[in-house]
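What follows is work_5.tsv (TSV, C-alpha atoms and all ligand atoms).
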```tsv
chain	number	residue	atom	x	y	z
A	1	MET	CA	54.15	-44.90	-82.24
A	2	SER	CA	51.39	-45.53	-79.74
A	3	ASN	CA	48.87	-48.18	-78.59
A	4	PRO	CA	45.16	-47.84	-79.51
A	5	THR	CA	44.24	-44.46	-78.06
A	6	HIS	CA	42.29	-44.57	-74.79
A	7	GLY	CA	43.72	-41.52	-73.05
A	8	ASN	CA	45.83	-43.64	-70.70
A	9	VAL	CA	48.67	-41.68	-69.11
A	10	LEU	CA	51.38	-43.32	-67.00
A	11	VAL	CA	53.30	-40.83	-64.85
A	12	VAL	CA	56.64	-41.70	-63.31
A	13	GLY	CA	57.48	-38.86	-60.97
A	14	SER	CA	57.79	-37.05	-57.69
A	15	ILE	CA	55.19	-36.46	-55.00
A	16	ASN	CA	55.96	-33.58	-52.61
A	17	MET	CA	54.35	-31.59	-49.87
A	18	ASP	CA	54.93	-27.94	-50.73
A	19	VAL	CA	55.68	-25.63	-47.81
A	20	VAL	CA	54.59	-22.37	-49.41
A	21	THR	CA	56.04	-19.26	-47.79
A	22	PRO	CA	54.96	-15.84	-49.08
A	23	ILE	CA	57.77	-13.26	-49.00
A	24	LYS	CA	58.29	-9.71	-50.27
A	25	LYS	CA	61.92	-10.16	-51.28
A	26	LEU	CA	64.43	-13.03	-51.26
A	27	PRO	CA	66.59	-12.89	-48.10
A	28	LEU	CA	70.29	-12.07	-48.55
A	29	PRO	CA	72.87	-14.49	-47.05
A	30	GLY	CA	72.83	-14.05	-43.27
A	31	GLN	CA	69.62	-11.98	-43.33
A	32	THR	CA	66.41	-12.88	-41.49
A	33	ILE	CA	63.13	-11.67	-42.98
A	34	MET	CA	59.51	-11.99	-41.90
A	35	ALA	CA	57.23	-14.02	-44.18
A	36	GLY	CA	53.47	-14.35	-44.58
A	37	ASP	CA	51.41	-17.34	-43.39
A	38	VAL	CA	52.87	-20.69	-44.41
A	39	GLN	CA	50.57	-23.14	-46.22
A	40	LEU	CA	51.06	-26.88	-46.80
A	41	ILE	CA	49.89	-27.66	-50.35
A	42	PRO	CA	50.20	-30.95	-52.30
A	43	GLY	CA	52.75	-30.68	-55.10
A	44	GLY	CA	55.67	-32.43	-56.77
A	45	LYS	CA	56.28	-32.17	-60.49
A	46	GLY	CA	55.13	-35.73	-61.13
A	47	ALA	CA	52.02	-35.56	-58.96
A	48	ASN	CA	51.07	-32.14	-60.37
A	49	ALA	CA	51.32	-33.44	-63.94
A	50	ALA	CA	49.32	-36.54	-62.95
A	51	VAL	CA	46.57	-34.39	-61.43
A	52	ALA	CA	46.55	-32.20	-64.55
A	53	ALA	CA	46.28	-35.22	-66.86
A	54	ALA	CA	43.45	-36.63	-64.70
A	55	ARG	CA	41.49	-33.34	-64.58
A	56	LEU	CA	42.03	-32.75	-68.29
A	57	GLY	CA	40.67	-35.93	-69.82
A	58	GLY	CA	43.23	-38.63	-69.09
A	59	THR	CA	43.00	-41.91	-67.21
A	60	VAL	CA	46.09	-41.81	-65.02
A	61	ARG	CA	48.36	-44.27	-63.22
A	62	MET	CA	51.29	-43.10	-61.18
A	63	ILE	CA	54.60	-44.73	-60.31
A	64	GLY	CA	56.09	-42.88	-57.35
A	65	ALA	CA	56.71	-43.16	-53.62
A	66	VAL	CA	55.92	-41.35	-50.39
A	67	GLY	CA	57.15	-41.81	-46.83
A	68	ASP	CA	55.02	-43.58	-44.24
A	69	ASP	CA	54.47	-40.24	-42.48
A	70	ALA	CA	51.70	-37.67	-42.13
A	71	PHE	CA	52.59	-35.94	-45.42
A	72	GLY	CA	52.73	-39.27	-47.23
A	73	HIS	CA	49.22	-40.28	-46.12
A	74	THR	CA	47.78	-36.91	-47.14
A	75	LEU	CA	49.60	-36.84	-50.49
A	76	LYS	CA	48.65	-40.35	-51.52
A	77	SER	CA	45.00	-40.08	-50.55
A	78	ASN	CA	44.82	-36.76	-52.35
A	79	LEU	CA	45.95	-38.45	-55.59
A	80	VAL	CA	43.55	-41.36	-55.09
A	81	ASN	CA	40.72	-38.82	-54.63
A	82	GLU	CA	41.65	-37.39	-58.04
A	83	GLY	CA	40.93	-40.82	-59.53
A	84	ILE	CA	44.62	-41.62	-60.06
A	85	ASP	CA	45.63	-45.28	-59.75
A	86	CYS	CA	48.29	-45.29	-57.00
A	87	ASN	CA	48.86	-49.05	-56.75
A	88	GLN	CA	52.48	-48.37	-57.72
A	89	VAL	CA	52.96	-45.67	-55.06
A	90	PRO	CA	54.35	-47.42	-51.95
A	91	MET	CA	54.53	-45.74	-48.53
A	92	ILE	CA	58.13	-46.39	-47.55
A	93	LYS	CA	59.06	-46.70	-43.87
A	94	ALA	CA	61.92	-44.75	-42.26
A	95	ILE	CA	62.12	-42.12	-44.97
A	96	SER	CA	60.41	-38.75	-45.24
A	97	SER	CA	57.99	-37.85	-47.98
A	98	GLY	CA	59.34	-35.47	-50.61
A	99	THR	CA	59.12	-31.89	-49.42
A	100	ALA	CA	59.51	-28.63	-51.32
A	101	VAL	CA	60.09	-25.27	-49.66
A	102	ILE	CA	58.63	-22.63	-51.96
A	103	LEU	CA	59.44	-18.96	-51.50
A	104	LEU	CA	56.61	-17.15	-53.23
A	105	ASP	CA	57.06	-13.52	-54.25
A	106	ALA	CA	53.64	-12.24	-53.22
A	107	ASP	CA	53.74	-9.35	-55.74
A	108	SER	CA	54.92	-11.03	-58.95
A	109	GLY	CA	53.71	-14.61	-58.35
A	110	GLN	CA	57.23	-15.86	-59.19
A	111	ASN	CA	58.80	-18.48	-56.96
A	112	SER	CA	62.06	-20.05	-55.82
A	113	ILE	CA	61.85	-23.76	-54.97
A	114	MET	CA	64.10	-26.05	-52.92
A	115	VAL	CA	63.22	-29.74	-53.10
A	116	SER	CA	64.19	-32.42	-50.59
A	117	ALA	CA	63.72	-35.70	-52.50
A	118	GLY	CA	62.94	-38.01	-49.57
A	119	ALA	CA	61.01	-41.05	-50.82
A	120	ASN	CA	61.19	-39.78	-54.42
A	121	ALA	CA	64.82	-40.93	-54.47
A	122	LYS	CA	63.60	-44.52	-54.01
A	123	VAL	CA	61.21	-44.63	-56.97
A	124	LYS	CA	61.87	-47.56	-59.30
A	125	ALA	CA	60.44	-48.35	-62.73
A	126	SER	CA	57.87	-51.14	-62.65
A	127	ASP	CA	58.93	-54.56	-63.99
A	128	ASP	CA	55.33	-55.37	-64.86
A	129	ALA	CA	55.01	-55.26	-68.66
A	130	ASP	CA	51.24	-54.70	-68.37
A	131	VAL	CA	51.84	-51.30	-66.74
A	132	TYR	CA	53.47	-50.11	-69.97
A	133	THR	CA	51.24	-51.84	-72.52
A	134	TRP	CA	48.25	-50.23	-70.74
A	135	ALA	CA	49.60	-46.72	-71.40
A	136	ASN	CA	49.32	-44.51	-74.44
A	137	VAL	CA	51.72	-41.92	-73.04
A	138	LEU	CA	54.48	-42.07	-70.42
A	139	MET	CA	55.16	-38.72	-68.71
A	140	MET	CA	58.33	-38.15	-66.66
A	141	GLN	CA	60.31	-35.33	-65.03
A	142	LEU	CA	63.68	-35.25	-63.26
A	143	GLU	CA	62.77	-35.33	-59.56
A	144	THR	CA	63.08	-39.14	-59.53
A	145	PRO	CA	66.32	-41.08	-60.24
A	146	VAL	CA	67.60	-40.79	-63.82
A	147	GLN	CA	68.10	-44.56	-64.08
A	148	THR	CA	64.43	-45.05	-63.13
A	149	ASN	CA	63.43	-42.75	-65.97
A	150	ILE	CA	65.69	-44.57	-68.44
A	151	ASP	CA	64.29	-47.97	-67.41
A	152	ALA	CA	60.68	-46.78	-67.61
A	153	ALA	CA	61.22	-45.02	-70.94
A	154	ARG	CA	62.84	-48.08	-72.52
A	155	ARG	CA	60.06	-50.39	-71.35
A	156	ALA	CA	57.42	-47.95	-72.52
A	157	ARG	CA	59.12	-47.54	-75.90
A	158	GLU	CA	59.22	-51.33	-76.36
A	159	ALA	CA	55.46	-51.32	-75.73
A	160	GLY	CA	54.91	-48.65	-78.41
A	161	VAL	CA	54.11	-45.90	-75.89
A	162	THR	CA	54.86	-42.21	-76.60
A	163	VAL	CA	57.43	-41.00	-74.05
A	164	ILE	CA	57.42	-37.38	-72.85
A	165	LEU	CA	60.14	-35.94	-70.58
A	166	ASP	CA	59.85	-32.59	-68.84
A	167	PRO	CA	63.57	-32.13	-68.05
A	168	ALA	CA	62.98	-30.27	-64.79
A	169	PRO	CA	64.87	-29.56	-62.66
A	170	ALA	CA	67.53	-29.55	-65.39
A	171	CYS	CA	71.13	-30.59	-64.92
A	172	ASP	CA	73.93	-30.58	-67.45
A	173	ASP	CA	75.17	-34.17	-67.08
A	174	LEU	CA	72.20	-36.23	-68.21
A	175	PRO	CA	73.11	-39.35	-70.20
A	176	ASP	CA	72.35	-39.59	-73.93
A	177	GLU	CA	70.48	-42.86	-73.33
A	178	LEU	CA	67.77	-40.90	-71.49
A	179	PHE	CA	67.13	-38.55	-74.42
A	180	ALA	CA	67.38	-41.42	-76.90
A	181	ALA	CA	64.47	-43.14	-75.13
A	182	CYS	CA	62.16	-40.09	-75.31
A	183	ASP	CA	59.89	-38.85	-78.10
A	184	VAL	CA	59.00	-35.38	-76.79
A	185	LEU	CA	60.99	-33.05	-74.53
A	186	LEU	CA	59.41	-30.09	-72.72
A	187	PRO	CA	62.21	-27.80	-71.49
A	188	ASN	CA	61.63	-24.22	-70.50
A	189	GLU	CA	64.18	-21.67	-71.67
A	190	THR	CA	66.43	-22.02	-68.61
A	191	GLU	CA	66.37	-25.79	-68.83
A	192	LEU	CA	67.20	-25.65	-72.55
A	193	ALA	CA	70.22	-23.44	-71.75
A	194	THR	CA	71.36	-25.83	-69.01
A	195	LEU	CA	70.96	-28.91	-71.20
A	196	THR	CA	72.80	-27.46	-74.19
A	197	GLY	CA	75.13	-24.80	-72.75
A	198	MET	CA	73.86	-22.51	-75.52
A	199	PRO	CA	72.40	-18.98	-75.34
A	200	ILE	CA	68.61	-18.71	-75.46
A	201	SER	CA	67.90	-14.96	-75.56
A	202	SER	CA	66.15	-14.91	-78.96
A	203	ILE	CA	63.91	-17.25	-80.96
A	204	PRO	CA	66.74	-18.06	-83.45
A	205	GLN	CA	68.97	-18.97	-80.51
A	206	ILE	CA	66.23	-21.12	-78.96
A	207	LEU	CA	65.78	-22.86	-82.32
A	208	ALA	CA	69.51	-23.52	-82.58
A	209	ALA	CA	69.64	-24.90	-79.03
A	210	SER	CA	66.58	-27.08	-79.69
A	211	HIS	CA	68.23	-28.59	-82.78
A	212	LYS	CA	71.34	-29.27	-80.74
A	213	LEU	CA	69.25	-31.02	-78.07
A	214	MET	CA	67.42	-33.00	-80.74
A	215	GLU	CA	70.75	-34.51	-81.84
A	216	ARG	CA	70.64	-36.51	-78.59
A	217	GLY	CA	67.57	-38.44	-79.69
A	218	SER	CA	64.12	-36.89	-79.23
A	219	GLN	CA	62.19	-35.96	-82.35
A	220	HIS	CA	60.06	-33.21	-80.82
A	221	ILE	CA	61.12	-30.36	-78.57
A	222	ILE	CA	58.44	-28.09	-77.15
A	223	VAL	CA	60.10	-25.14	-75.42
A	224	THR	CA	57.81	-23.42	-72.94
A	225	LEU	CA	58.37	-19.66	-72.97
A	226	GLY	CA	56.28	-18.54	-69.99
A	227	PRO	CA	53.85	-15.74	-70.92
A	228	ARG	CA	55.19	-15.77	-74.52
A	229	GLY	CA	53.77	-19.24	-75.20
A	230	ALA	CA	55.60	-22.27	-76.57
A	231	LEU	CA	57.83	-23.13	-79.52
A	232	TRP	CA	57.47	-26.58	-81.12
A	233	VAL	CA	60.57	-27.69	-82.98
A	234	THR	CA	61.16	-30.79	-85.11
A	235	ASP	CA	63.86	-31.61	-87.68
A	236	ASN	CA	62.09	-29.78	-90.47
A	237	HIS	CA	59.37	-27.67	-88.84
A	238	ASN	CA	58.93	-25.09	-86.11
A	239	GLN	CA	55.85	-23.32	-84.85
A	240	LEU	CA	55.35	-20.62	-82.23
A	241	PHE	CA	52.12	-20.83	-80.21
A	242	PRO	CA	51.23	-17.63	-78.30
A	243	ALA	CA	49.86	-17.78	-74.74
A	244	THR	CA	46.99	-15.67	-73.41
A	245	PRO	CA	48.35	-13.23	-70.80
A	246	VAL	CA	46.98	-13.57	-67.26
A	247	LYS	CA	47.64	-11.79	-63.96
A	248	ALA	CA	49.97	-14.26	-62.22
A	249	VAL	CA	49.17	-14.99	-58.56
A	250	ASP	CA	51.52	-17.99	-58.32
A	251	THR	CA	53.31	-19.63	-61.27
A	252	THR	CA	53.89	-22.91	-59.36
A	253	ALA	CA	52.72	-25.91	-61.42
A	254	ALA	CA	52.14	-23.90	-64.61
A	255	GLY	CA	54.69	-26.08	-66.43
A	256	ASP	CA	53.30	-29.23	-64.80
A	257	SER	CA	49.76	-28.31	-65.89
A	258	PHE	CA	51.06	-27.76	-69.43
A	259	ALA	CA	52.79	-31.15	-69.33
A	260	GLY	CA	49.80	-33.03	-67.93
A	261	ALA	CA	47.42	-31.41	-70.40
A	262	LEU	CA	49.69	-32.27	-73.30
A	263	ALA	CA	50.06	-35.86	-72.11
A	264	ALA	CA	46.28	-36.30	-71.76
A	265	ASN	CA	45.65	-34.86	-75.23
A	266	LEU	CA	48.36	-36.91	-76.97
A	267	ALA	CA	47.11	-40.03	-75.18
A	268	GLN	CA	43.70	-39.39	-76.72
A	269	GLY	CA	45.28	-39.39	-80.18
A	270	LYS	CA	45.36	-35.63	-80.74
A	271	THR	CA	48.25	-34.08	-82.65
A	272	ILE	CA	50.89	-31.87	-81.05
A	273	ALA	CA	49.61	-28.89	-83.06
A	274	ASP	CA	46.09	-29.41	-81.68
A	275	SER	CA	47.27	-30.14	-78.13
A	276	VAL	CA	49.67	-27.25	-77.47
A	277	PRO	CA	47.06	-24.42	-77.39
A	278	PHE	CA	44.98	-26.43	-74.88
A	279	ALA	CA	48.10	-27.13	-72.79
A	280	LEU	CA	49.08	-23.44	-72.85
A	281	ALA	CA	45.62	-22.45	-71.65
A	282	ALA	CA	45.91	-24.98	-68.80
A	283	GLY	CA	49.32	-23.55	-67.84
A	284	SER	CA	48.04	-19.96	-67.92
A	285	LEU	CA	45.05	-20.80	-65.72
A	286	ALA	CA	47.34	-22.55	-63.21
A	287	CYS	CA	49.11	-19.18	-62.70
A	288	THR	CA	45.91	-17.50	-61.55
A	289	LYS	CA	45.55	-19.42	-58.25
A	290	LEU	CA	47.78	-20.10	-55.26
A	291	GLY	CA	49.50	-23.45	-54.92
A	292	ALA	CA	50.38	-26.40	-57.13
A	293	GLN	CA	47.56	-28.96	-57.31
A	294	PRO	CA	44.74	-26.62	-56.19
A	295	SER	CA	45.55	-24.40	-59.19
A	296	VAL	CA	45.33	-27.11	-61.87
A	297	PRO	CA	42.21	-26.41	-63.98
A	298	THR	CA	39.54	-28.79	-65.29
A	299	THR	CA	38.69	-29.38	-68.94
A	300	ASP	CA	35.57	-27.16	-68.68
A	301	GLN	CA	37.63	-24.30	-67.23
A	302	VAL	CA	40.26	-24.62	-69.97
A	303	LEU	CA	37.67	-24.73	-72.76
A	304	ALA	CA	35.83	-21.71	-71.32
A	305	PHE	CA	39.11	-19.78	-71.05
A	306	MET	CA	40.00	-20.63	-74.66
A	307	GLN	CA	36.53	-19.59	-75.82
A	308	GLN	CA	36.77	-16.25	-74.00
A	309	ASN	CA	40.14	-15.55	-75.57
A	310	VAL	CA	39.45	-16.44	-79.20
A	311	SER	CA	40.98	-13.63	-81.24
B	401	LIG	O1	56.77	-27.56	-60.54
B	401	LIG	C1	56.33	-27.20	-59.26
B	401	LIG	C2	56.71	-28.24	-58.26
B	401	LIG	O2	58.12	-28.29	-58.16
B	401	LIG	C3	56.24	-27.96	-56.85
B	401	LIG	O3	54.95	-28.46	-56.60
B	401	LIG	C4	57.34	-28.59	-56.00
B	401	LIG	O4	56.90	-29.67	-55.25
B	401	LIG	C5	58.44	-28.96	-56.97
B	401	LIG	O5	58.44	-30.30	-57.26
```
Output the file's structure in the form of structure tokens.
Amino acid sequence: MSNPTHGNVLVVGSINMDVVTPIKKLPLPGQTIMAGDVQLIPGGKGANAAVAAARLGGTVRMIGAVGDDAFGHTLKSNLVNEGIDCNQVPMIKAISSGTAVILLDADSGQNSIMVSAGANAKVKASDDADVYTWANVLMMQLETPVQTNIDAARRAREAGVTVILDPAPACDDLPDELFAACDVLLPNETELATLTGMPISSIPQILAASHKLMERGSQHIIVTLGPRGALWVTDNHNQLFPATPVKAVDTTAAGDSFAGALAANLAQGKTIADSVPFALAAGSLACTKLGAQPSVPTTDQVLAFMQQNVS
């Protein structure tokens, strides 16, 4: 399924500046509330997963775009400083960089996110065959155009690359050709419900919805279940992996850290069964700090956390 394993991860995805606003309670329509101090923090589902893959053992290239504005300069240089190859991340003139307004519930660490795509809407799959043959894993999400994802996934597949899609943010009208070009899908429960229109309130229901989703093409579904862990489902096998509970400060980028960790591990030739516990630990640790990219852990931190929590 994959090229000789070198840990090479190609990420096609979004790059956003997160405007993080701590609040006590979501405002009602027409209501004004006071918030805590706003912070500008690098984020974007694609960039977060790229940073996670880079900090967790992968060699990472990114296909994305930013605006030629102050956010764009900061976001791109931040990724370059992480050792991520950004030669395929143009700074586009006359368009804003992607921006996400994040309302962070200061007590629970839960968030509500509104994304303005900006330059992310202009991302195109590379035509350079070498970009795909270089990779062991292609990692994508849904904050870039669907056609871009389909084009990249097809080219990667032709090059024997394992294709992972985190279908976030989910929508219910995605074309079958996208799923048919992916090997592994990483929905959370809400995304699984959106993609299938099926109930997901119990493990048997999640299994049934996963099998329904699998009919559209992917052979592996890994459903992330928040603090309950993750459920790996294939045609003839399923396995529940528990997560270690943590006190959540901010859950932003927990899923992206999981995705990046999984991508880095699979790119190094590890199995899904061996990779999921590591990815869950990375996701849990990301919940313990404020912000998206600042909260992504390193390999040493993940291994120490796993060691401390051996049962
Ligand atoms: O998954 C978290 C990310 O979603 C944030 O960093 C925000 O930019 C949005 O893309």
- Within 7 Å of Val123 in chain A, counting all atoms listed in the file, which residues show up once you throw out same-chain ones fewer than 2 positions away? Write them as a list in words, please. Gly64, Ala65, Asn120, Ala121, Ala125, Thr144 and Thr148 of chain A
- Item | Local residues around (52.9, -22.8, -55.2), at most 8 Å away, using all atoms listed in the file, as a count of residues only | 14
- Message: Could you list the protein, DNA and RNA residues that have any atom within 9 Å of ligand LIG 401 (chain B), counting only C-alpha atoms and all ligand atoms, and write them as an MDAnalysis selection string?
- Response: chainID A and resid 14:19 41:49 98:102 113:115 117 143 168:169 251:257 291:293
- Task: Using all atoms listed in the file, find the one residue out of A:Gly283, A:Pro22, A:Gly269, A:Pro199 that sits nearest to Val302 in chain A.
- Result: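 So, comparing all the options, the nearest one is A:Gly283.
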- Query: Counting all atoms listed in the file, which residues come within 6 Å of (58.2, -40.0, -44.1), with the point read in the file's coordinates, and could you list them as number ranges by chain?
  - Reply: A: 67-69, 95-97
- Within 10 Å of Lys247 in chain A using all atoms listed in the file, minus same-chain residues under 3 positions, as a ChimeraX atom specification: /A:108-109,250,284-285,287-289
- Message: Counting all atoms listed in the file, which residue out of A:Cys171, A:Gly217, A:Asn136, A:Val276 sits closest to Gly197 in chain A?
- Response: A:Cys171
- d(CA of Ala282 in chain A, CA of Leu262 in chain A) in Å: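 Computing the Euclidean distance for CA of Ala282 in chain A and CA of Leu262 in chain A yields 9.4 Å.
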- Task: Point out the residue among A:Gly72, A:Gly160, A:Pro227, A:Pro29 with the least atom-to-atom distance to Thr133 in chain A, counting only C-alpha atoms.
- Result: A:Gly160
- Query: Pick from A:Val223, A:Leu207, A:Ala152, A:Leu213: nearest to His237 in chain A, with all atoms listed in the file counted?
  - Reply: A:Leu207
- Query: Of the candidates A:Val161, A:Thr74, A:Pro175, A:Thr32, which one gets nearest to Ala267 in chain A if we count only C-alpha atoms?
  - Reply: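 Result for the nearest residue to Ala267 in chain A: A:Val161.
Proximity of A:Met139, A:Ala119, A:Arg154, A:Val9 to Asp85 in chain A, computed with all atoms listed in the file, is greatest for A:Val9.
Computed from the coordinates, the CA of Gln307 in chain A to CA of Thr59 in chain A distance equals 24.8 Å.
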Please, what is the axis-aligned box for every listed atom of range 165-182 of chain A with 5 Å on each side, as centre and edge lengths in Å to one decimal, as lines of an AutoDock Vina configuration file?
```
center_x = 67.5
center_y = -36.3
center_z = -69.8
size_x = 25.3
size_y = 23.6
size_z = 24.2
```
- Query: Excluding same-chain residues fewer than 5 positions from Phe241 in chain A, what lies within 9 Å of it counting only C-alpha atoms, as a list in words?
  - Reply: Arg228, Gly229, Ala230, Leu231, Trp232, Ala273, Val276, Pro277 and Leu280 of chain A
Those residues with C-alpha atoms, as a tab-separated table (two decimals), keeping the file's coordinate frame please?
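The resulting file, out-v6.tsv, is shown below:
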```tsv
chain	number	residue	atom	x	y	z
A	228	ARG	CA	55.19	-15.77	-74.52
A	229	GLY	CA	53.77	-19.24	-75.20
A	230	ALA	CA	55.60	-22.27	-76.57
A	231	LEU	CA	57.83	-23.13	-79.52
A	232	TRP	CA	57.47	-26.58	-81.12
A	273	ALA	CA	49.61	-28.89	-83.06
A	276	VAL	CA	49.67	-27.25	-77.47
A	277	PRO	CA	47.06	-24.42	-77.39
A	280	LEU	CA	49.08	-23.44	-72.85
```
- Task: For CA of Pro242 in chain A and CA of Phe258 in chain A, determine how far apart the two atoms are, in Å to one decimal place.
- Result: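 Value for the CA of Pro242 in chain A-CA of Phe258 in chain A distance: 13.5 Å.
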